[in-house]
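What follows is a short report on a single structure.
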There are 2 protein chains.
Amino acid sequence: MSKRKSGATIADVARLAGVSTATAGRVLGDYGYSSGEKREKVLAAAKSLGYRPNLLARSLITGRTRTIGVVAGDIQSPFYASILRGISDVAERHGIGLIITNSDENLDHEVRSVQLLLEKQVDGMILSPCRPDGGEHLNSALALGIPIVQIDRQVTDLEADFVGVDNRAGAREAIARLLHLGHRRIGMIGELEHPEWTIADFVAQTAAGHMASEALFPSWQRLHGYIEAHMEAGLAVDPLLVRQAGSYSAEAAERQIQILLSAERPTAIFTADGLMTAGTMAALGAARISIPAELSIICFDDLDWMGFTQPGIDAVVQPRGAMGEAAAQLLLDRIGGKSEPARRIILGTRIISRGSVVALG
Amino acid sequence: MSKRKSGATIADVARLAGVSTATAGRVLGDYGYSSGEKREKVLAAAKSLGYRPNLLARSLITGRTRTIGVVAGDIQSPFYASILRGISDVAERHGIGLIITNSDENLDHEVRSVQLLLEKQVDGMILSPCRPDGGEHLNSALALGIPIVQIDRQVTDLEADFVGVDNRAGAREAIARLLHLGHRRIGMIGELEHPEWTIADFVAQTAAGHMASEALFPSWQRLHGYIEAHMEAGLAVDPLLVRQAGSYSAEAAERQIQILLSAERPTAIFTADGLMTAGTMAALGAARISIPAELSIICFDDLDWMGFTQPGIDAVVQPRGAMGEAAAQLLLDRIGGKSEPARRIILGTRIISRGSVVALG
DNA sequence: CTGAAAGCGCTTACAG
DNA sequence: CTGAAAGCGCTTACAG
């Protein structure tokens, strides 16, 4: 374990410049007063010694690290990668460092990540919580005065800012299009995991007007949009057409789509996120089902390859980069001292048509 | 600027436990000796106060932060996202934090990123240098005792570890396949930017056996493989078939492919990286060129959607996650004190066939 | 095994 | 405007 060669310190610079460490610090740290003369000397000394500040020492005193932490589900997925890029752009612009971790959608991992970020003394955190309940670790971070911004998903009753998209409206619009084109059997595949209810429960309760969807996780809000579109068209929802992958897994989605294709086949499919889309495309390819002749498809979340396939794939576009930027901006505001009540920023979606959806018959 | 509520410190714990801060530190930091009795007391006190160590303070003393920095080209690209995931997995396993920045393939950004990482006192860095020359910032980091591992690309003559893939062999194999199937006009698109030579120069020099490619950037090594395959087949290379995008830009690639298609058309195309592939697919789609009937295609770097398209797209697979893991492991070894000469780890590639390459009719 | 003291590299009141 | 001194929260020799 070779200990690092320590570079020049403020004391070294002060000695060479013939001033006190306080003065050297004021010049180098750009705080407090300093006369032009001493200033020059200090700067020259610093340059000749190749002085580089040790931000750790500064942070220990100021109590702020100018570092924020991010807990993503999986940095490798295009969804989180784009969000991270948005966060990173804002952070970089402000000279803020970024520590990134993955939760892999596992609460234990998430708790450990938050713990690590706290010990590293981040000034704030952005995370996509993996469960709507069990936010004690987040509450205790907030109690410590560390602001949190939630992205895409939110913990029920957590007093923390949130940035997401209008999942319900996006899905409703996508399904309304399909219905308008004559589709009546529209399959849907989503994560759709919940400790308290099944898909059939949810469909029944929603149709009866008993579900409030503001705090639901995205796949449920998208299902809500799916149901709403049917209701607006005066059509009943067949719960068997709505498939639950149970996790963010393309393989699980593929299996569910195979089930969907084996029975009385739908004429269109709506996928609730990128991984569901991947699993669906794999299943359709394997079954040699031709799009859109045999099946129309529209997907939530636009992925780069959707413009390459023949035909292109229709998608509900989420502004992923903007989500990350908004979350970072919200967090910087909090770190800067803003103390208003938790804010919720809901960004809009838009649909892009590329030819994977056609009128029935 | 609300200063964070400071949590319990070692002094608080020591006071409550009725021991010295030294003893409390030894128990909580798990270093030095401590009797069972005091140990219990300290642990109990820490628990009741909700003590969380301040890693900044520890790092200031030990000189190590247990944090590594990464300078990626663009965390949003699947290439870097996968590499980052590999790095992250290893780091997490060792309880090491990860600070991530983007260079956007811009030397100024890269220099600034390295500067930030150094000030944040990372124990080491992994980066994909954006230029083969101009590595002063990297040399000065090394001089400070901060180990660096280069990934995918390397600076000429920098005494730092490197992890990459066998670009030359991968490309040679891909091109050899095409040649074997009767293709004679094989287009290639790559970044292929170099301050000192043009593509025609490179082709001529390489054919004459005058190029050493160990230190070249990937697109040139891939071109080297392209040339080699032709040489092995006793065929001349037409430099006009090799197109230079000039930057990692899908749009630039798209324009070059349009040029390639407008003249005497090649029967196959080899793309040198994911962005080149994206641009190429866009150009082919717009020109309504059917794969593989009118044109065969094989791409360096396997992307998730290549299995979804009809037909699937043949690719040279790089073990991106493994590259990241290897780089992280190399770096951890260096941080742990290994001082042997710089190592070069070159991982193999393999080709996956999906139907986008056919024999020339 | 334990404690008193010094110190990591900075910033921050406080006098002057 | 400048300097001497204290201190951020830890760890590290050094006595005992």
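Ordering of the structure tokens sets the chain letters (A, B, ...); residue numbers start at 1 within each chain; ligands are numbered from 1 in the order shown.
The least-squares superposition of chain A onto chain B, using every Cα atom in order, ends with an RMSD of 0.1 Å.
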Find the residues near Ala315 in chain A: any atom within 8 Å, counting only C-alpha atoms (C1' of nucleotides), skip ones fewer than 4 places away on the same chain, and give them as a VMD selection string.
chain A and resid 298 to 302 351 to 353
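Using only C-alpha atoms (C1' of nucleotides), the part of chain C that sits within 7 Å of chain B is made up of DC1, DT2, DG3 and DC8 of chain C.
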Go ahead and save the residues from that selection, with all heavy atoms, as a CSV table (one decimal), in the first residue's frame.
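New file out-v9.csv:
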chain,number,residue,atom,x,y,z
C,1,DC,P,-5.4,-7.2,23.5
C,1,DC,OP1,-6.5,-8.1,23.4
C,1,DC,OP2,-4.7,-6.8,22.2
C,1,DC,O5',-5.8,-5.8,24.1
C,1,DC,C5',-6.9,-5.8,25.0
C,1,DC,C4',-6.7,-4.6,25.9
C,1,DC,O4',-5.3,-4.3,25.9
C,1,DC,C3',-7.4,-3.3,25.3
C,1,DC,O3',-8.2,-2.8,26.4
C,1,DC,C2',-6.2,-2.3,25.0
C,1,DC,C1',-5.1,-2.9,25.9
C,1,DC,N1,-3.7,-2.6,25.3
C,1,DC,C2,-2.9,-1.7,25.8
C,1,DC,O2,-3.4,-1.0,26.8
C,1,DC,N3,-1.7,-1.4,25.3
C,1,DC,C4,-1.3,-2.2,24.3
C,1,DC,N4,0.0,-1.9,23.8
C,1,DC,C5,-2.1,-3.2,23.7
C,1,DC,C6,-3.3,-3.4,24.2
C,2,DT,P,-9.2,-1.6,26.1
C,2,DT,OP1,-10.3,-1.8,27.1
C,2,DT,OP2,-9.6,-1.6,24.7
C,2,DT,O5',-8.4,-0.4,26.5
C,2,DT,C5',-8.1,0.0,27.8
C,2,DT,C4',-7.4,1.3,27.8
C,2,DT,O4',-6.1,1.1,27.2
C,2,DT,C3',-8.1,2.4,27.1
C,2,DT,O3',-8.5,3.4,28.1
C,2,DT,C2',-7.1,3.0,26.1
C,2,DT,C1',-5.8,2.4,26.6
C,2,DT,N1,-4.7,2.1,25.6
C,2,DT,C2,-3.5,2.7,25.7
C,2,DT,O2,-3.2,3.5,26.5
C,2,DT,N3,-2.6,2.3,24.7
C,2,DT,C4,-2.8,1.4,23.7
C,2,DT,O4,-2.0,1.1,22.9
C,2,DT,C5,-4.1,0.8,23.6
C,2,DT,C7,-4.5,-0.2,22.6
C,2,DT,C6,-5.0,1.1,24.6
C,3,DG,P,-9.3,4.6,27.7
C,3,DG,OP1,-10.3,4.9,28.9
C,3,DG,OP2,-9.9,4.5,26.4
C,3,DG,O5',-8.2,5.8,27.7
C,3,DG,C5',-7.4,5.9,28.9
C,3,DG,C4',-6.4,7.0,28.6
C,3,DG,O4',-5.4,6.5,27.7
C,3,DG,C3',-7.0,8.3,28.0
C,3,DG,O3',-6.3,9.4,28.7
C,3,DG,C2',-6.6,8.2,26.6
C,3,DG,C1',-5.3,7.5,26.6
C,3,DG,N9,-5.0,6.7,25.5
C,3,DG,C8,-5.8,5.8,24.8
C,3,DG,N7,-5.2,5.2,23.8
C,3,DG,C5,-3.9,5.6,23.8
C,3,DG,C6,-2.8,5.3,23.0
C,3,DG,O6,-2.8,4.5,22.0
C,3,DG,N1,-1.7,6.0,23.4
C,3,DG,C2,-1.6,6.8,24.4
C,3,DG,N2,-0.4,7.4,24.7
C,3,DG,N3,-2.6,7.2,25.2
C,3,DG,C4,-3.7,6.5,24.9
C,8,DC,P,0.7,17.3,9.5
C,8,DC,OP1,2.1,17.0,9.1
C,8,DC,OP2,0.2,18.6,9.7
C,8,DC,O5',-0.2,16.7,8.3
C,8,DC,C5',-0.3,15.3,8.1
C,8,DC,C4',-1.6,15.0,7.4
C,8,DC,O4',-2.7,14.8,8.4
C,8,DC,C3',-2.1,16.2,6.6
C,8,DC,O3',-1.7,16.0,5.2
C,8,DC,C2',-3.6,16.2,6.7
C,8,DC,C1',-3.9,15.4,8.0
C,8,DC,N1,-4.4,16.1,9.2
C,8,DC,C2,-5.6,15.7,9.8
C,8,DC,O2,-6.2,14.7,9.3
C,8,DC,N3,-6.1,16.3,10.9
C,8,DC,C4,-5.4,17.3,11.4
C,8,DC,N4,-6.0,17.9,12.5
C,8,DC,C5,-4.2,17.8,10.8
C,8,DC,C6,-3.8,17.2,9.7
Using only C-alpha atoms, tabulate the residues of chain A lying at most 8 Å from any atom of chain B, each with its closest atom pair and that distance in Å to one decimal, by chain and increasing residue number, as CSV.
residue,atom,partner,partner_atom,distance
A:Met1,CA,B:Gly337,CA,4.7
A:Ser2,CA,B:Gly337,CA,5.4
A:Lys3,CA,B:Gly63,CA,6.6
A:Arg4,CA,B:Gly145,CA,5.5
A:Lys5,CA,B:Leu144,CA,5.9
A:Ser6,CA,B:Leu144,CA,7.4
A:Gly7,CA,B:Leu144,CA,7.0
A:Arg52,CA,B:Glu119,CA,6.6
A:Pro53,CA,B:Glu119,CA,6.0
A:Asn54,CA,B:Glu119,CA,5.5
A:Leu55,CA,B:Lys120,CA,5.5
A:Leu56,CA,B:Leu56,CA,5.9
A:Ala57,CA,B:Leu60,CA,6.5
A:Ser59,CA,B:Leu56,CA,7.7
A:Leu60,CA,B:Leu56,CA,6.4
A:Thr62,CA,B:Lys3,CA,7.9
A:Gly63,CA,B:Arg4,CA,6.5
A:Arg64,CA,B:Lys3,CA,7.7
A:Asp74,CA,B:Arg85,CA,7.9
A:Ile75,CA,B:Ala81,CA,6.4
A:Gln76,CA,B:Ala81,CA,4.8
A:Ser77,CA,B:Ala81,CA,7.6
A:Pro78,CA,B:Gln76,CA,7.1
A:Ala81,CA,B:Gln76,CA,4.8
A:Ser82,CA,B:Gln76,CA,5.4
A:Leu84,CA,B:Gln76,CA,7.5
A:Arg85,CA,B:Gln76,CA,5.9
A:Ser88,CA,B:Thr101,CA,7.3
A:Gly97,CA,B:Ile99,CA,6.8
A:Leu98,CA,B:Ile99,CA,5.4
A:Ile99,CA,B:Ile99,CA,4.5
A:Ile100,CA,B:Leu98,CA,6.0
A:Thr101,CA,B:Ser88,CA,7.3
A:Leu116,CA,B:Gly97,CA,7.9
A:Glu119,CA,B:Asn54,CA,5.5
A:Lys120,CA,B:Leu55,CA,5.5
A:Gln121,CA,B:Asn54,CA,6.9
A:Leu144,CA,B:Lys5,CA,5.9
A:Gly145,CA,B:Arg4,CA,5.5
A:Ile146,CA,B:Arg4,CA,7.2
A:Ala278,CA,B:Phe308,CA,7.8
A:Met281,CA,B:Phe308,CA,5.9
A:Ala282,CA,B:Phe308,CA,6.1
A:Gly285,CA,B:Phe308,CA,6.7
A:Trp305,CA,B:Trp305,CA,6.1
A:Gly307,CA,B:Ala282,CA,7.4
A:Phe308,CA,B:Met281,CA,5.9
A:Thr309,CA,B:Thr309,CA,5.3
A:Gln310,CA,B:Gln310,CA,7.0
A:Ile335,CA,B:Met1,CA,6.9
A:Gly336,CA,B:Met1,CA,5.0
A:Gly337,CA,B:Met1,CA,4.7
Put those residues in a file: C-alpha atoms, as an mmCIF file, in the first residue's frame.
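selection_27.cif, written as the output of this step:
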data_model
loop_
_atom_site.group_PDB
_atom_site.id
_atom_site.type_symbol
_atom_site.label_atom_id
_atom_site.label_comp_id
_atom_site.auth_asym_id
_atom_site.auth_seq_id
_atom_site.Cartn_x
_atom_site.Cartn_y
_atom_site.Cartn_z
ATOM 1 C CA MET A 1 0.000 0.000 0.000
ATOM 2 C CA SER A 2 2.184 2.843 -1.223
ATOM 3 C CA LYS A 3 0.976 6.037 0.334
ATOM 4 C CA ARG A 4 0.556 8.754 -2.227
ATOM 5 C CA LYS A 5 3.326 11.300 -2.644
ATOM 6 C CA SER A 6 1.695 14.322 -1.104
ATOM 7 C CA GLY A 7 1.795 17.349 -3.376
ATOM 8 C CA ARG A 52 -3.441 21.640 -6.274
ATOM 9 C CA PRO A 53 -6.018 22.095 -3.526
ATOM 10 C CA ASN A 54 -7.042 19.113 -1.439
ATOM 11 C CA LEU A 55 -10.804 19.311 -1.633
ATOM 12 C CA LEU A 56 -11.142 16.792 1.168
ATOM 13 C CA ALA A 57 -9.683 19.185 3.704
ATOM 14 C CA SER A 59 -14.959 19.835 2.692
ATOM 15 C CA LEU A 60 -14.161 18.707 6.193
ATOM 16 C CA THR A 62 -17.181 23.651 5.101
ATOM 17 C CA GLY A 63 -19.352 20.590 5.560
ATOM 18 C CA ARG A 64 -20.011 20.435 1.836
ATOM 19 C CA ASP A 74 -28.697 -0.076 -13.764
ATOM 20 C CA ILE A 75 -26.345 2.398 -15.403
ATOM 21 C CA GLN A 76 -26.055 0.087 -18.348
ATOM 22 C CA SER A 77 -29.659 0.468 -19.472
ATOM 23 C CA PRO A 78 -30.340 3.189 -22.051
ATOM 24 C CA ALA A 81 -27.702 6.055 -19.044
ATOM 25 C CA SER A 82 -29.612 8.963 -20.605
ATOM 26 C CA LEU A 84 -27.313 10.049 -15.896
ATOM 27 C CA ARG A 85 -26.062 11.998 -18.851
ATOM 28 C CA SER A 88 -23.925 14.791 -15.369
ATOM 29 C CA GLY A 97 -18.719 15.761 -8.865
ATOM 30 C CA LEU A 98 -20.921 12.722 -9.383
ATOM 31 C CA ILE A 99 -20.737 9.427 -7.524
ATOM 32 C CA ILE A 100 -22.772 6.757 -9.244
ATOM 33 C CA THR A 101 -24.071 3.442 -7.910
ATOM 34 C CA LEU A 116 -21.972 4.667 1.176
ATOM 35 C CA GLU A 119 -20.450 8.277 4.500
ATOM 36 C CA LYS A 120 -18.780 9.905 1.540
ATOM 37 C CA GLN A 121 -20.614 13.037 2.645
ATOM 38 C CA LEU A 144 -29.577 14.423 8.427
ATOM 39 C CA GLY A 145 -30.238 17.357 6.150
ATOM 40 C CA ILE A 146 -29.219 15.600 2.951
ATOM 41 C CA ALA A 278 -36.680 -6.052 -25.905
ATOM 42 C CA MET A 281 -39.248 -8.075 -29.998
ATOM 43 C CA ALA A 282 -37.325 -11.246 -29.257
ATOM 44 C CA GLY A 285 -38.853 -12.469 -34.001
ATOM 45 C CA TRP A 305 -32.702 1.291 -32.838
ATOM 46 C CA GLY A 307 -35.612 3.993 -36.314
ATOM 47 C CA PHE A 308 -33.423 1.266 -37.868
ATOM 48 C CA THR A 309 -35.781 -1.642 -37.996
ATOM 49 C CA GLN A 310 -38.015 -2.316 -40.989
ATOM 50 C CA ILE A 335 -28.430 22.169 -1.655
ATOM 51 C CA GLY A 336 -28.394 25.895 -2.181
ATOM 52 C CA GLY A 337 -30.901 26.211 0.642
#
Could you pull out all residues of range 165-342 of chain B with a DSSP call of helix (DSSP H, G or I) and give them as a ChimeraX atom specification?
/B:167-180,199-207,218-232,239-241,250-262,274-286,304-307,320-335
Write out as a list in words which residues come within 12 Å of Met231 in chain B when counting only C-alpha atoms (C1' of nucleotides), dropping same-chain ones fewer than 2 positions away.
Arg172, Ile175, Ala176, Leu179, Val203, Ala204, Thr206, Ala207, Ala208, Gly209, His224, Gly225, Tyr226, Ile227, Glu228, Ala229, Ala233, Gly234, Leu235, Ala236, Val237 and Asp238 of chain B
Could you tell me, as a short mmCIF file (atom, residue, chain, number, x, y, z; two decimals) with N, CA, C and O atoms, in the first residue's frame, which residues of range 150-196 of chain B DSSP assigns to strand (DSSP E or B) when given the backbone?
data_model
loop_
_atom_site.label_atom_id
_atom_site.label_comp_id
_atom_site.auth_asym_id
_atom_site.auth_seq_id
_atom_site.Cartn_x
_atom_site.Cartn_y
_atom_site.Cartn_z
N GLN B 150 -5.70 2.82 -18.78
CA GLN B 150 -6.32 3.27 -20.02
C GLN B 150 -7.23 2.16 -20.55
O GLN B 150 -6.90 0.98 -20.44
N ILE B 151 -8.34 2.56 -21.12
CA ILE B 151 -9.25 1.55 -21.63
C ILE B 151 -9.63 1.88 -23.08
O ILE B 151 -9.83 3.05 -23.42
N ASP B 161 -1.05 1.18 -17.48
CA ASP B 161 -1.72 -0.05 -17.89
C ASP B 161 -2.77 0.25 -18.97
O ASP B 161 -3.25 1.36 -19.08
N PHE B 162 -3.11 -0.80 -19.70
CA PHE B 162 -4.07 -0.65 -20.79
C PHE B 162 -4.92 -1.90 -20.92
O PHE B 162 -4.42 -3.02 -20.80
N VAL B 163 -6.20 -1.70 -21.16
CA VAL B 163 -7.10 -2.81 -21.46
C VAL B 163 -7.81 -2.51 -22.77
O VAL B 163 -8.40 -1.43 -22.92
N GLY B 164 -7.71 -3.41 -23.70
CA GLY B 164 -8.38 -3.21 -24.98
C GLY B 164 -8.77 -4.54 -25.59
O GLY B 164 -8.70 -5.58 -24.92
N VAL B 165 -9.20 -4.51 -26.83
CA VAL B 165 -9.52 -5.76 -27.51
C VAL B 165 -8.63 -5.89 -28.74
O VAL B 165 -8.01 -4.92 -29.18
N ILE B 186 -15.77 -4.08 -50.63
CA ILE B 186 -16.26 -4.01 -49.24
C ILE B 186 -16.02 -2.60 -48.71
O ILE B 186 -14.88 -2.16 -48.58
N GLY B 187 -17.12 -1.89 -48.44
CA GLY B 187 -16.98 -0.55 -47.89
C GLY B 187 -16.66 -0.61 -46.41
O GLY B 187 -16.99 -1.58 -45.72
N MET B 188 -15.97 0.41 -45.93
CA MET B 188 -15.72 0.49 -44.49
C MET B 188 -15.94 1.93 -44.05
O MET B 188 -15.61 2.87 -44.78
N ILE B 189 -16.54 2.09 -42.86
CA ILE B 189 -16.71 3.42 -42.31
C ILE B 189 -16.16 3.42 -40.87
O ILE B 189 -16.46 2.52 -40.09
N GLY B 190 -15.35 4.43 -40.57
CA GLY B 190 -14.79 4.52 -39.22
C GLY B 190 -14.49 5.96 -38.87
O GLY B 190 -14.58 6.84 -39.74
#
Write out as a short mmCIF file (atom, residue, chain, number, x, y, z; two decimals) with all heavy atoms, in the first residue's frame which residues come within 8 Å of Ala45 in chain A when counting only C-alpha atoms (C1' of nucleotides), dropping same-chain ones fewer than 4 positions away.
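Output (result29.cif):
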data_model
loop_
_atom_site.label_atom_id
_atom_site.label_comp_id
_atom_site.auth_asym_id
_atom_site.auth_seq_id
_atom_site.Cartn_x
_atom_site.Cartn_y
_atom_site.Cartn_z
N VAL A 13 3.09 26.65 0.03
CA VAL A 13 2.92 27.83 -0.79
C VAL A 13 3.15 29.09 0.05
O VAL A 13 3.87 30.02 -0.36
CB VAL A 13 1.51 27.87 -1.42
CG1 VAL A 13 1.30 29.19 -2.16
CG2 VAL A 13 1.33 26.70 -2.37
N ALA A 14 2.56 29.10 1.25
CA ALA A 14 2.68 30.27 2.14
C ALA A 14 4.15 30.52 2.48
O ALA A 14 4.63 31.66 2.43
CB ALA A 14 1.87 30.03 3.41
N LEU A 16 6.85 29.66 0.80
CA LEU A 16 7.60 30.17 -0.36
C LEU A 16 7.23 31.62 -0.67
O LEU A 16 8.08 32.42 -1.06
CB LEU A 16 7.31 29.28 -1.58
CG LEU A 16 8.05 29.66 -2.87
CD1 LEU A 16 9.56 29.58 -2.67
CD2 LEU A 16 7.63 28.76 -4.02
N ALA A 17 5.95 31.95 -0.46
CA ALA A 17 5.50 33.31 -0.79
C ALA A 17 5.80 34.28 0.35
O ALA A 17 5.65 35.49 0.19
CB ALA A 17 4.01 33.29 -1.09
N LYS A 41 2.32 37.19 -5.32
CA LYS A 41 3.34 36.31 -4.74
C LYS A 41 2.81 34.90 -4.50
O LYS A 41 3.46 33.91 -4.81
CB LYS A 41 3.82 36.89 -3.40
CG LYS A 41 4.91 37.94 -3.52
CD LYS A 41 5.51 38.22 -2.16
CE LYS A 41 6.36 39.47 -2.17
NZ LYS A 41 6.53 40.01 -0.80
N LEU A 49 5.10 25.59 -7.45
CA LEU A 49 5.05 24.34 -6.69
C LEU A 49 4.04 23.35 -7.29
O LEU A 49 3.92 22.22 -6.84
CB LEU A 49 4.67 24.62 -5.24
CG LEU A 49 5.73 25.36 -4.40
CD1 LEU A 49 5.18 25.66 -3.02
CD2 LEU A 49 6.99 24.51 -4.28
#
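If you look at CA of His180 in chain B and CA of Ser296 in chain B, they are 13.0 Å away from each other.
Coordinates place CA of Arg93 in chain B at a distance of 19.3 Å from CA of Gly29 in chain B.
Note that the spacing between CA of Glu159 in chain A and CA of Met323 in chain A amounts to 19.1 Å.
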